[in-house]
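Undergrad: Pasting data_18.cif here (mmCIF, C-alpha atoms):
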```
data_coords
loop_
_atom_site.label_atom_id
_atom_site.label_comp_id
_atom_site.auth_asym_id
_atom_site.auth_seq_id
_atom_site.Cartn_x
_atom_site.Cartn_y
_atom_site.Cartn_z
CA GLU X 1365 95.93 54.87 -68.53
CA VAL X 1366 95.17 51.13 -68.39
CA LYS X 1367 97.45 50.75 -65.34
CA ASP X 1368 95.75 53.68 -63.59
CA SER X 1369 92.34 52.16 -64.27
CA GLN X 1370 93.43 48.76 -62.94
CA SER X 1371 94.94 50.41 -59.87
CA HIS X 1372 91.63 52.15 -59.19
CA VAL X 1373 89.76 48.85 -59.51
CA ASN X 1374 92.16 47.18 -57.09
CA GLN X 1375 91.26 49.77 -54.44
CA ILE X 1376 87.54 48.90 -54.45
CA PRO X 1377 86.42 47.62 -51.01
CA ALA X 1378 85.60 43.92 -50.83
CA VAL X 1379 81.90 44.39 -50.07
CA LYS X 1380 81.49 46.79 -52.98
CA LEU X 1381 83.25 44.29 -55.24
CA TRP X 1382 80.68 41.61 -54.44
CA VAL X 1383 77.86 44.12 -55.00
CA LEU X 1384 79.32 45.06 -58.38
CA GLY X 1385 79.70 41.37 -59.20
CA ALA X 1386 75.99 40.88 -58.52
CA ARG X 1387 75.33 43.44 -61.30
CA PRO X 1388 72.68 45.66 -59.65
CA ARG X 1389 71.65 47.16 -63.00
CA THR X 1390 70.25 43.79 -64.04
CA LEU X 1391 68.13 43.26 -60.91
CA PRO X 1392 65.00 44.99 -62.30
CA ALA X 1393 64.70 41.88 -64.49
CA ALA X 1394 64.05 39.91 -61.28
CA VAL X 1395 61.80 42.46 -59.54
CA VAL X 1396 59.43 43.45 -62.36
CA PRO X 1397 57.90 40.01 -63.04
CA VAL X 1398 57.12 39.58 -59.34
CA LEU X 1399 55.45 43.01 -59.20
CA VAL X 1400 53.37 42.27 -62.27
CA GLY X 1401 52.51 38.75 -61.09
CA ALA X 1402 51.36 40.08 -57.71
CA ALA X 1403 49.23 42.78 -59.34
CA LEU X 1404 47.57 40.21 -61.58
CA ALA X 1405 46.85 37.95 -58.60
CA LEU X 1406 44.83 40.67 -56.88
CA GLY X 1407 41.91 40.01 -59.18
CA THR X 1408 41.62 36.34 -58.19
CA ALA X 1409 39.39 34.79 -55.54
CA HIS X 1410 41.75 33.80 -52.69
CA PRO X 1411 45.24 35.32 -53.01
CA VAL X 1412 47.85 34.25 -50.44
CA TRP X 1413 50.06 37.30 -50.09
CA TRP X 1414 52.91 36.05 -47.89
CA ARG X 1415 54.10 33.88 -50.76
CA ILE X 1416 54.96 36.90 -52.90
CA ALA X 1417 57.87 37.74 -50.57
CA LEU X 1418 59.37 34.29 -51.15
CA ALA X 1419 58.76 34.61 -54.89
CA LEU X 1420 60.73 37.87 -54.88
CA VAL X 1421 63.59 36.24 -52.96
CA VAL X 1422 63.65 33.33 -55.42
CA SER X 1423 63.70 35.67 -58.43
CA LEU X 1424 66.44 37.91 -57.03
CA SER X 1425 68.56 34.96 -55.89
CA LEU X 1426 68.34 33.36 -59.32
CA GLN X 1427 69.34 36.61 -61.01
CA VAL X 1428 72.32 37.12 -58.71
CA GLY X 1429 73.26 33.46 -59.11
CA VAL X 1430 73.21 33.77 -62.89
CA ASN X 1431 75.36 36.90 -62.69
CA TYR X 1432 77.99 35.27 -60.47
CA ALA X 1433 77.93 32.08 -62.57
CA ASN X 1434 78.37 34.15 -65.72
CA ASP X 1435 81.26 36.07 -64.13
CA TYR X 1436 82.93 32.80 -63.10
CA SER X 1437 82.46 30.94 -66.39
CA ASP X 1438 83.43 33.83 -68.65
CA GLY X 1439 86.37 34.61 -66.37
CA VAL X 1440 87.90 31.14 -66.43
CA LYS X 1441 87.35 30.93 -70.19
CA GLY X 1442 89.19 34.23 -70.67
CA THR X 1443 86.18 35.86 -72.31
CA ASP X 1444 86.26 38.84 -69.94
CA ALA X 1445 90.02 39.47 -70.20
CA VAL X 1446 89.40 42.54 -72.39
CA ARG X 1447 86.13 44.39 -71.99
CA VAL X 1448 84.68 47.91 -71.88
CA GLY X 1449 81.79 47.16 -69.55
CA PRO X 1450 81.53 47.18 -65.75
CA VAL X 1451 84.10 45.31 -63.68
CA ARG X 1452 84.06 41.51 -63.63
CA LEU X 1453 85.43 39.75 -60.57
CA VAL X 1454 87.24 36.81 -62.16
CA GLY X 1455 88.14 38.41 -65.48
CA SER X 1456 89.80 41.34 -63.67
CA GLY X 1457 91.65 39.03 -61.30
CA LEU X 1458 90.03 40.70 -58.30
CA VAL X 1459 88.45 37.61 -56.72
CA ALA X 1460 89.55 33.98 -56.89
CA PRO X 1461 87.40 31.97 -59.33
CA LYS X 1462 86.50 29.38 -56.68
CA LEU X 1463 85.01 32.11 -54.46
CA VAL X 1464 82.86 33.49 -57.26
CA LYS X 1465 81.75 29.96 -58.13
CA ARG X 1466 80.86 29.42 -54.47
CA ALA X 1467 78.83 32.65 -54.45
CA ALA X 1468 76.89 31.42 -57.47
CA VAL X 1469 76.18 28.06 -55.84
CA LEU X 1470 75.05 29.73 -52.61
CA SER X 1471 72.73 32.08 -54.50
CA PHE X 1472 71.20 29.19 -56.44
CA GLY X 1473 70.94 27.16 -53.24
CA PHE X 1474 69.11 29.94 -51.42
CA ALA X 1475 66.71 30.25 -54.35
CA ALA X 1476 66.17 26.47 -54.22
CA VAL X 1477 65.32 26.47 -50.50
CA CYS X 1478 62.78 29.29 -50.86
CA GLY X 1479 61.38 27.66 -53.98
CA LEU X 1480 60.98 24.39 -52.07
CA VAL X 1481 58.82 26.15 -49.49
CA LEU X 1482 56.63 27.58 -52.24
CA SER X 1483 56.33 24.19 -53.94
CA LEU X 1484 55.31 22.50 -50.68
CA THR X 1485 52.51 25.04 -50.21
CA THR X 1486 51.31 25.04 -53.83
CA THR X 1487 52.37 22.38 -56.34
CA PRO X 1488 55.34 19.98 -56.71
CA TRP X 1489 55.66 21.09 -60.33
CA LEU X 1490 57.45 24.20 -59.06
CA LEU X 1491 60.35 21.91 -58.13
CA VAL X 1492 60.74 20.91 -61.77
CA VAL X 1493 60.57 24.54 -62.87
CA GLY X 1494 63.15 25.52 -60.26
CA VAL X 1495 65.59 22.79 -61.28
CA CYS X 1496 65.26 23.85 -64.92
CA ALA X 1497 65.81 27.51 -64.02
CA ILE X 1498 68.98 26.77 -62.04
CA ALA X 1499 70.33 24.46 -64.73
CA ALA X 1500 69.62 27.06 -67.40
CA GLY X 1501 71.26 29.76 -65.29
CA TRP X 1502 74.46 27.76 -64.88
CA THR X 1503 74.76 26.52 -68.48
CA TYR X 1504 74.15 30.00 -69.92
CA THR X 1505 77.93 30.51 -70.01
CA GLY X 1506 79.06 27.40 -68.09
CA GLY X 1507 79.63 23.80 -69.09
CA PRO X 1508 81.16 22.38 -72.27
CA ARG X 1509 78.58 23.94 -74.64
CA PRO X 1510 77.17 27.11 -73.06
CA TYR X 1511 74.07 28.18 -74.97
CA GLY X 1512 74.86 31.85 -74.35
CA TYR X 1513 77.80 31.36 -76.72
CA LEU X 1514 75.42 30.02 -79.36
CA GLY X 1515 73.13 33.04 -79.52
CA LEU X 1516 70.37 31.53 -77.39
CA GLY X 1517 70.67 33.75 -74.31
CA GLU X 1518 67.64 35.87 -75.13
CA ILE X 1519 65.47 32.75 -75.28
CA PHE X 1520 66.53 31.82 -71.72
CA VAL X 1521 65.90 35.36 -70.47
CA PHE X 1522 62.47 35.59 -72.10
CA ILE X 1523 61.36 32.21 -70.79
CA PHE X 1524 62.68 32.41 -67.23
CA PHE X 1525 62.58 36.16 -66.47
CA GLY X 1526 59.47 36.75 -68.52
CA VAL X 1527 57.14 33.78 -68.74
CA VAL X 1528 58.23 31.66 -65.76
CA ALA X 1529 58.88 34.49 -63.29
CA THR X 1530 55.64 36.36 -64.07
CA LEU X 1531 53.37 33.33 -64.24
CA GLY X 1532 55.14 31.68 -61.31
CA SER X 1533 54.71 34.75 -59.11
CA ALA X 1534 51.06 35.06 -60.05
CA TYR X 1535 50.43 31.35 -59.53
CA VAL X 1536 51.97 31.03 -56.07
CA VAL X 1537 49.71 33.85 -54.87
CA ALA X 1538 46.52 32.97 -56.75
CA GLU X 1539 46.97 29.24 -57.54
CA GLU X 1540 45.41 29.84 -60.93
CA LEU X 1541 46.48 31.23 -64.30
CA THR X 1542 44.34 33.58 -66.36
CA SER X 1543 44.62 34.77 -69.96
CA ALA X 1544 45.69 38.22 -68.73
CA MET X 1545 48.59 36.59 -66.89
CA TRP X 1546 49.76 34.82 -70.03
CA ILE X 1547 49.56 37.98 -72.13
CA SER X 1548 51.26 40.12 -69.48
CA CYS X 1549 54.35 37.94 -69.31
CA VAL X 1550 55.29 38.91 -72.88
CA PRO X 1551 56.14 42.60 -72.30
CA VAL X 1552 57.89 41.64 -69.07
CA GLY X 1553 60.04 39.18 -71.02
CA CYS X 1554 60.72 41.72 -73.76
CA PHE X 1555 62.03 44.24 -71.23
CA ALA X 1556 64.28 41.59 -69.68
CA CYS X 1557 65.62 40.73 -73.15
CA ALA X 1558 66.29 44.41 -73.86
CA LEU X 1559 68.77 44.47 -70.96
CA LEU X 1560 70.67 41.52 -72.40
CA VAL X 1561 70.53 42.86 -75.96
CA VAL X 1562 72.07 46.24 -75.10
CA ASN X 1563 74.71 44.51 -72.94
CA ASN X 1564 75.66 42.19 -75.80
CA LEU X 1565 75.52 45.05 -78.32
CA ARG X 1566 78.24 46.79 -76.31
CA ASP X 1567 80.33 43.60 -76.24
CA ILE X 1568 80.14 42.68 -79.94
CA PRO X 1569 83.77 43.68 -80.69
CA THR X 1570 85.25 41.71 -77.77
CA ASP X 1571 82.83 38.76 -77.88
CA SER X 1572 83.45 38.17 -81.58
CA LYS X 1573 87.20 37.94 -80.95
CA VAL X 1574 86.89 35.20 -78.32
CA GLY X 1575 84.25 33.10 -80.08
CA LYS X 1576 81.32 34.13 -77.88
CA ASN X 1577 78.68 34.09 -80.58
CA THR X 1578 75.85 35.89 -78.82
CA LEU X 1579 72.74 36.80 -80.74
CA ALA X 1580 74.20 40.29 -81.13
CA VAL X 1581 77.35 38.87 -82.72
CA ARG X 1582 75.27 36.72 -85.04
CA LEU X 1583 72.90 39.53 -86.04
CA GLY X 1584 75.57 42.17 -86.33
CA ASP X 1585 75.53 45.73 -85.02
CA ALA X 1586 72.76 47.21 -87.19
CA ARG X 1587 70.27 44.36 -86.80
CA THR X 1588 70.89 44.14 -83.05
CA ARG X 1589 69.91 47.80 -82.75
CA GLN X 1590 66.75 47.08 -84.74
CA PHE X 1591 65.97 44.11 -82.51
CA TYR X 1592 66.33 46.29 -79.41
CA VAL X 1593 63.70 48.69 -80.79
CA LEU X 1594 61.46 45.79 -81.86
CA LEU X 1595 61.33 44.51 -78.27
CA TYR X 1596 59.66 47.75 -77.18
CA VAL X 1597 57.24 47.64 -80.10
CA LEU X 1598 56.22 44.12 -79.09
CA SER X 1599 55.90 45.23 -75.46
CA ALA X 1600 53.52 48.01 -76.47
CA ALA X 1601 51.40 45.66 -78.59
CA PHE X 1602 50.93 43.22 -75.72
CA VAL X 1603 50.23 45.96 -73.18
CA VAL X 1604 47.41 47.09 -75.46
CA ALA X 1605 46.21 43.47 -75.64
CA VAL X 1606 46.09 43.30 -71.82
CA ALA X 1607 44.30 46.65 -71.73
CA ILE X 1608 41.44 45.20 -73.78
CA GLN X 1609 40.61 43.11 -70.71
CA LYS X 1610 41.93 45.51 -68.07
CA PRO X 1611 41.77 49.09 -69.42
CA ALA X 1612 43.89 50.73 -66.71
CA ALA X 1613 46.81 48.49 -67.71
CA ILE X 1614 47.36 50.97 -70.55
CA LEU X 1615 49.51 52.86 -68.02
CA GLY X 1616 52.21 50.41 -69.05
CA LEU X 1617 52.64 52.39 -72.27
CA LEU X 1618 54.01 55.29 -70.23
CA GLY X 1619 56.61 52.93 -68.85
CA ILE X 1620 57.59 51.91 -72.37
CA ALA X 1621 57.81 55.58 -73.34
CA SER X 1622 60.33 56.10 -70.52
CA ALA X 1623 62.78 54.02 -72.57
CA GLY X 1624 62.74 56.70 -75.27
CA GLY X 1625 66.17 58.07 -74.35
CA ALA X 1626 67.75 54.63 -74.43
CA VAL X 1627 66.11 53.85 -77.76
CA ARG X 1628 67.35 57.13 -79.27
CA ALA X 1629 70.87 56.41 -78.07
CA VAL X 1630 70.86 52.91 -79.57
CA ARG X 1631 69.36 54.10 -82.85
CA GLY X 1632 71.86 56.99 -82.89
CA GLY X 1633 74.80 54.60 -82.87
CA ALA X 1634 75.96 54.72 -79.24
CA SER X 1635 78.76 52.21 -78.72
CA GLY X 1636 81.44 51.10 -76.28
CA ARG X 1637 81.34 52.86 -72.92
CA ASP X 1638 78.38 54.99 -74.01
CA LEU X 1639 76.27 51.84 -73.90
CA ILE X 1640 77.00 51.38 -70.18
CA ALA X 1641 74.77 54.40 -69.53
CA VAL X 1642 72.20 52.99 -71.96
CA LEU X 1643 72.18 49.73 -69.98
CA GLY X 1644 71.43 51.71 -66.83
CA ALA X 1645 68.69 53.65 -68.61
CA THR X 1646 67.19 50.39 -69.87
CA GLY X 1647 67.06 49.02 -66.33
CA LYS X 1648 65.42 52.21 -65.04
CA ALA X 1649 62.84 52.10 -67.82
CA GLN X 1650 62.16 48.47 -66.94
CA MET X 1651 61.43 49.42 -63.32
CA ILE X 1652 59.23 52.35 -64.37
CA PHE X 1653 57.34 50.07 -66.72
CA GLY X 1654 56.93 47.41 -64.03
CA LEU X 1655 55.59 49.92 -61.52
CA LEU X 1656 53.18 51.67 -63.90
CA PHE X 1657 51.95 48.46 -65.49
CA SER X 1658 51.41 46.94 -62.04
CA VAL X 1659 49.54 50.04 -60.83
CA GLY X 1660 47.32 49.83 -63.89
CA LEU X 1661 46.61 46.16 -63.21
CA LEU X 1662 45.86 46.91 -59.55
CA ILE X 1663 43.40 49.62 -60.53
CA ALA X 1664 41.75 47.33 -63.05
CA ASN X 1665 41.44 44.50 -60.52
CA ARG X 1666 39.85 46.55 -57.75
#
```
Starting from the file, lay out its structure as structure tokens.

TA:
Amino acid sequence: EVKDSQSHVNQIPAVKLWVLGARPRTLPAAVVPVLVGAALALGTAHPVWWRIALALVVSLSLQVGVNYANDYSDGVKGTDAVRVGPVRLVGSGLVAPKLVKRAAVLSFGFAAVCGLVLSLTTTPWLLVVGVCAIAAGWTYTGGPRPYGYLGLGEIFVFIFFGVVATLGSAYVVAEELTSAMWISCVPVGCFACALLVVNNLRDIPTDSKVGKNTLAVRLGDARTRQFYVLLYVLSAAFVVAVAIQKPAAILGLLGIASAGGAVRAVRGGASGRDLIAVLGATGKAQMIFGLLFSVGLLIANR
């Protein structure tokens, strides 16, 4: 059965391999903060809308870069040699490590070029933020002491795909930051963390064997499931906090409710391959939340 599975993987077309390596299910984590940031910027005095397209390119390029870098670093370390999740390029021996590394560098480089344009039209401080984001993306699983192996991955995701991406998107359009922007970045970050948490929950058995001490490994199965649920509770609390200022933002609660199936599966003990579907459901809920929360913010800002 293992040989048949490997044979099937080997028949995947090259283009599809690179798409799979980019991990499409994780891309909502890059899109949602830009949507929310743009919606928040509508209520400001002089929004500059063309910049939001570059912000989206930066966010997506960083996410893809992180995914390729993670694939490369875990692959050369042997962490992905045995796994139950979606295919990994290096770990499965499907693509040469140097090519995956090059793809990561190109993705980060493209993000850097677009970020440079945004910094030149807004503030040089974005250069510092961009350098930090790329460095954090590479050292998540790369380098001599990857912080993803120390249980700190969720902190990176919350900061860069929650706080930085949301506030950065809002700032490049509006060139100001409001209290609603600061509050709104919290549920966005929680949703991004939920993707990582369910991914690492699935990988607890294999990660623990190879010394990849993710937060899920450190917390253990039961507490990781509780943490996953807690992220949605926190999201709801901060959506309500935003709605105090912008009542229509309460639509975001419907987006959180769309994660109900994923939450029930996690609380019900889904494991192994069953969590692949839960990861997909988490990403879909993230997009639904992003759209509904953004629509609510747009309505409130009109």

Undergrad: Quick one: distance from atom CA of X:Tyr1592 to atom CA of X:Val1630 in Å, one decimal?

TA: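 Straight-line distance from atom CA of X:Tyr1592 to atom CA of X:Val1630 works out to 8.0 Å.
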
Undergrad: Can you find the residues with an atom no farther than 8 Å from (77.8, 29.2, -78.9), counting only C-alpha atoms, and report them as JSON, numbers by chain?

TA: {"X": [1509, 1510, 1511, 1512, 1513, 1514, 1515, 1516, 1575, 1576, 1577, 1578]}

Undergrad: Using all atoms listed in the file, can you tell me which of X:Ser1635, X:Ser1423, X:Thr1588, X:Thr1505 comes closest to X:Ser1533?

TA: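 The answer is X:Ser1423, which sits nearest to X:Ser1533.
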
Undergrad: Just so the selection is clear, what residues does the PyMOL selection byres ((chain X and resi 1613-1615) around 10) cover here, as a PyMOL selection string?

TA: chain X and resi 1548+1600+1602-1612+1616-1620+1653+1655-1665

Undergrad: Evaluate the PyMOL selection byres ((chain X and resi 1464) around 8) here and jot the selected residues down as a list in words.

TA: Tyr1432, Ala1433, Asp1435, Tyr1436, Leu1453, Val1454, Val1459, Ala1460, Pro1461, Lys1462, Leu1463, Lys1465, Arg1466, Ala1467 and Ala1468 of chain X

Undergrad: From the options X:Leu1424, X:Leu1381, X:Ala1634, X:Val1400, which residue's atoms come nearest to X:Val1527, counting all atoms listed in the file?

TA: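 Using all atoms listed in the file, X:Val1527 sits closest to X:Val1400.
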
Undergrad: Name the residues that the PyMOL selection byres ((chain X and resi 1502) around 9) picks from the file above, as number ranges by chain, using the file's chain letters and numbers.

TA: X: 1429-1430, 1433-1434, 1437, 1468, 1497-1501, 1503-1507, 1510

Undergrad: Neighbours of X:Leu1391 within 9 Å (all atoms listed in the file; same-chain residues fewer than 3 positions away dropped), as number ranges by chain?

TA: X: 1386-1388, 1394-1396, 1424, 1427-1428, 1647

Undergrad: Take atom CA of X:Phe1474 and atom CA of X:Thr1408 and report the distance between them in Å, one decimal.

TA: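 Distance between the two atoms: 29.0 Å.
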
Undergrad: Will you give me stretch 1467-1479 of chain X, written with all heavy atoms and laid out as a PDB file, in the first residue's frame?

TA:
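out06.pdb, freshly written:
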```pdb
ATOM      1  N   ALA X1467      13.038  28.256  -4.695  1.00  0.00           N
ATOM      2  CA  ALA X1467      11.653  28.729  -4.772  1.00  0.00           C
ATOM      3  C   ALA X1467      11.315  29.593  -3.559  1.00  0.00           C
ATOM      4  O   ALA X1467      10.630  30.619  -3.681  1.00  0.00           O
ATOM      5  CB  ALA X1467      10.693  27.551  -4.870  1.00  0.00           C
ATOM      6  N   ALA X1468      11.806  29.191  -2.399  1.00  0.00           N
ATOM      7  CA  ALA X1468      11.577  29.982  -1.188  1.00  0.00           C
ATOM      8  C   ALA X1468      12.248  31.349  -1.294  1.00  0.00           C
ATOM      9  O   ALA X1468      11.644  32.383  -0.982  1.00  0.00           O
ATOM     10  CB  ALA X1468      12.096  29.231   0.036  1.00  0.00           C
ATOM     11  N   VAL X1469      13.487  31.349  -1.756  1.00  0.00           N
ATOM     12  CA  VAL X1469      14.240  32.602  -1.890  1.00  0.00           C
ATOM     13  C   VAL X1469      13.563  33.530  -2.896  1.00  0.00           C
ATOM     14  O   VAL X1469      13.442  34.743  -2.669  1.00  0.00           O
ATOM     15  CB  VAL X1469      15.700  32.320  -2.304  1.00  0.00           C
ATOM     16  CG1 VAL X1469      16.422  33.621  -2.651  1.00  0.00           C
ATOM     17  CG2 VAL X1469      16.436  31.588  -1.190  1.00  0.00           C
ATOM     18  N   LEU X1470      13.108  32.978  -4.011  1.00  0.00           N
ATOM     19  CA  LEU X1470      12.431  33.785  -5.026  1.00  0.00           C
ATOM     20  C   LEU X1470      11.130  34.376  -4.490  1.00  0.00           C
ATOM     21  O   LEU X1470      10.804  35.536  -4.760  1.00  0.00           O
ATOM     22  CB  LEU X1470      12.151  32.942  -6.271  1.00  0.00           C
ATOM     23  CG  LEU X1470      13.365  32.581  -7.131  1.00  0.00           C
ATOM     24  CD1 LEU X1470      12.974  31.607  -8.235  1.00  0.00           C
ATOM     25  CD2 LEU X1470      13.995  33.837  -7.735  1.00  0.00           C
ATOM     26  N   SER X1471      10.389  33.583  -3.731  1.00  0.00           N
ATOM     27  CA  SER X1471       9.131  34.075  -3.145  1.00  0.00           C
ATOM     28  C   SER X1471       9.407  35.209  -2.166  1.00  0.00           C
ATOM     29  O   SER X1471       8.736  36.248  -2.197  1.00  0.00           O
ATOM     30  CB  SER X1471       8.402  32.928  -2.436  1.00  0.00           C
ATOM     31  OG  SER X1471       8.038  31.916  -3.342  1.00  0.00           O
ATOM     32  N   PHE X1472      10.401  35.007  -1.296  1.00  0.00           N
ATOM     33  CA  PHE X1472      10.763  36.062  -0.354  1.00  0.00           C
ATOM     34  C   PHE X1472      11.284  37.299  -1.093  1.00  0.00           C
ATOM     35  O   PHE X1472      10.994  38.437  -0.698  1.00  0.00           O
ATOM     36  CB  PHE X1472      11.825  35.565   0.624  1.00  0.00           C
ATOM     37  CG  PHE X1472      11.307  34.622   1.676  1.00  0.00           C
ATOM     38  CD1 PHE X1472      12.031  33.505   2.043  1.00  0.00           C
ATOM     39  CD2 PHE X1472      10.104  34.861   2.318  1.00  0.00           C
ATOM     40  CE1 PHE X1472      11.575  32.628   3.023  1.00  0.00           C
ATOM     41  CE2 PHE X1472       9.628  34.003   3.302  1.00  0.00           C
ATOM     42  CZ  PHE X1472      10.362  32.879   3.653  1.00  0.00           C
ATOM     43  N   GLY X1473      12.052  37.074  -2.149  1.00  0.00           N
ATOM     44  CA  GLY X1473      12.592  38.192  -2.919  1.00  0.00           C
ATOM     45  C   GLY X1473      11.498  39.005  -3.587  1.00  0.00           C
ATOM     46  O   GLY X1473      11.551  40.245  -3.602  1.00  0.00           O
ATOM     47  N   PHE X1474      10.492  38.326  -4.131  1.00  0.00           N
ATOM     48  CA  PHE X1474       9.376  39.023  -4.771  1.00  0.00           C
ATOM     49  C   PHE X1474       8.612  39.841  -3.738  1.00  0.00           C
ATOM     50  O   PHE X1474       8.223  40.986  -3.991  1.00  0.00           O
ATOM     51  CB  PHE X1474       8.463  38.010  -5.452  1.00  0.00           C
ATOM     52  CG  PHE X1474       7.448  38.620  -6.373  1.00  0.00           C
ATOM     53  CD1 PHE X1474       7.832  39.502  -7.378  1.00  0.00           C
ATOM     54  CD2 PHE X1474       6.108  38.322  -6.237  1.00  0.00           C
ATOM     55  CE1 PHE X1474       6.903  40.064  -8.236  1.00  0.00           C
ATOM     56  CE2 PHE X1474       5.159  38.880  -7.097  1.00  0.00           C
ATOM     57  CZ  PHE X1474       5.569  39.755  -8.093  1.00  0.00           C
ATOM     58  N   ALA X1475       8.412  39.258  -2.555  1.00  0.00           N
ATOM     59  CA  ALA X1475       7.752  39.987  -1.472  1.00  0.00           C
ATOM     60  C   ALA X1475       8.566  41.226  -1.094  1.00  0.00           C
ATOM     61  O   ALA X1475       8.006  42.302  -0.840  1.00  0.00           O
ATOM     62  CB  ALA X1475       7.571  39.086  -0.253  1.00  0.00           C
ATOM     63  N   ALA X1476       9.888  41.082  -1.077  1.00  0.00           N
ATOM     64  CA  ALA X1476      10.769  42.194  -0.703  1.00  0.00           C
ATOM     65  C   ALA X1476      10.679  43.340  -1.709  1.00  0.00           C
ATOM     66  O   ALA X1476      10.631  44.519  -1.323  1.00  0.00           O
ATOM     67  CB  ALA X1476      12.209  41.705  -0.583  1.00  0.00           C
ATOM     68  N   VAL X1477      10.643  43.013  -3.000  1.00  0.00           N
ATOM     69  CA  VAL X1477      10.568  44.051  -4.037  1.00  0.00           C
ATOM     70  C   VAL X1477       9.260  44.827  -3.928  1.00  0.00           C
ATOM     71  O   VAL X1477       9.242  46.063  -3.953  1.00  0.00           O
ATOM     72  CB  VAL X1477      10.700  43.423  -5.440  1.00  0.00           C
ATOM     73  CG1 VAL X1477      10.390  44.457  -6.522  1.00  0.00           C
ATOM     74  CG2 VAL X1477      12.106  42.868  -5.632  1.00  0.00           C
ATOM     75  N   CYS X1478       8.153  44.104  -3.788  1.00  0.00           N
ATOM     76  CA  CYS X1478       6.845  44.774  -3.651  1.00  0.00           C
ATOM     77  C   CYS X1478       6.775  45.569  -2.355  1.00  0.00           C
ATOM     78  O   CYS X1478       6.216  46.676  -2.318  1.00  0.00           O
ATOM     79  CB  CYS X1478       5.719  43.741  -3.706  1.00  0.00           C
ATOM     80  SG  CYS X1478       5.566  42.915  -5.298  1.00  0.00           S
ATOM     81  N   GLY X1479       7.361  45.014  -1.298  1.00  0.00           N
ATOM     82  CA  GLY X1479       7.386  45.729  -0.025  1.00  0.00           C
ATOM     83  C   GLY X1479       8.218  46.994  -0.103  1.00  0.00           C
ATOM     84  O   GLY X1479       7.896  48.000   0.535  1.00  0.00           O
TER      85      GLY X1479
END
```
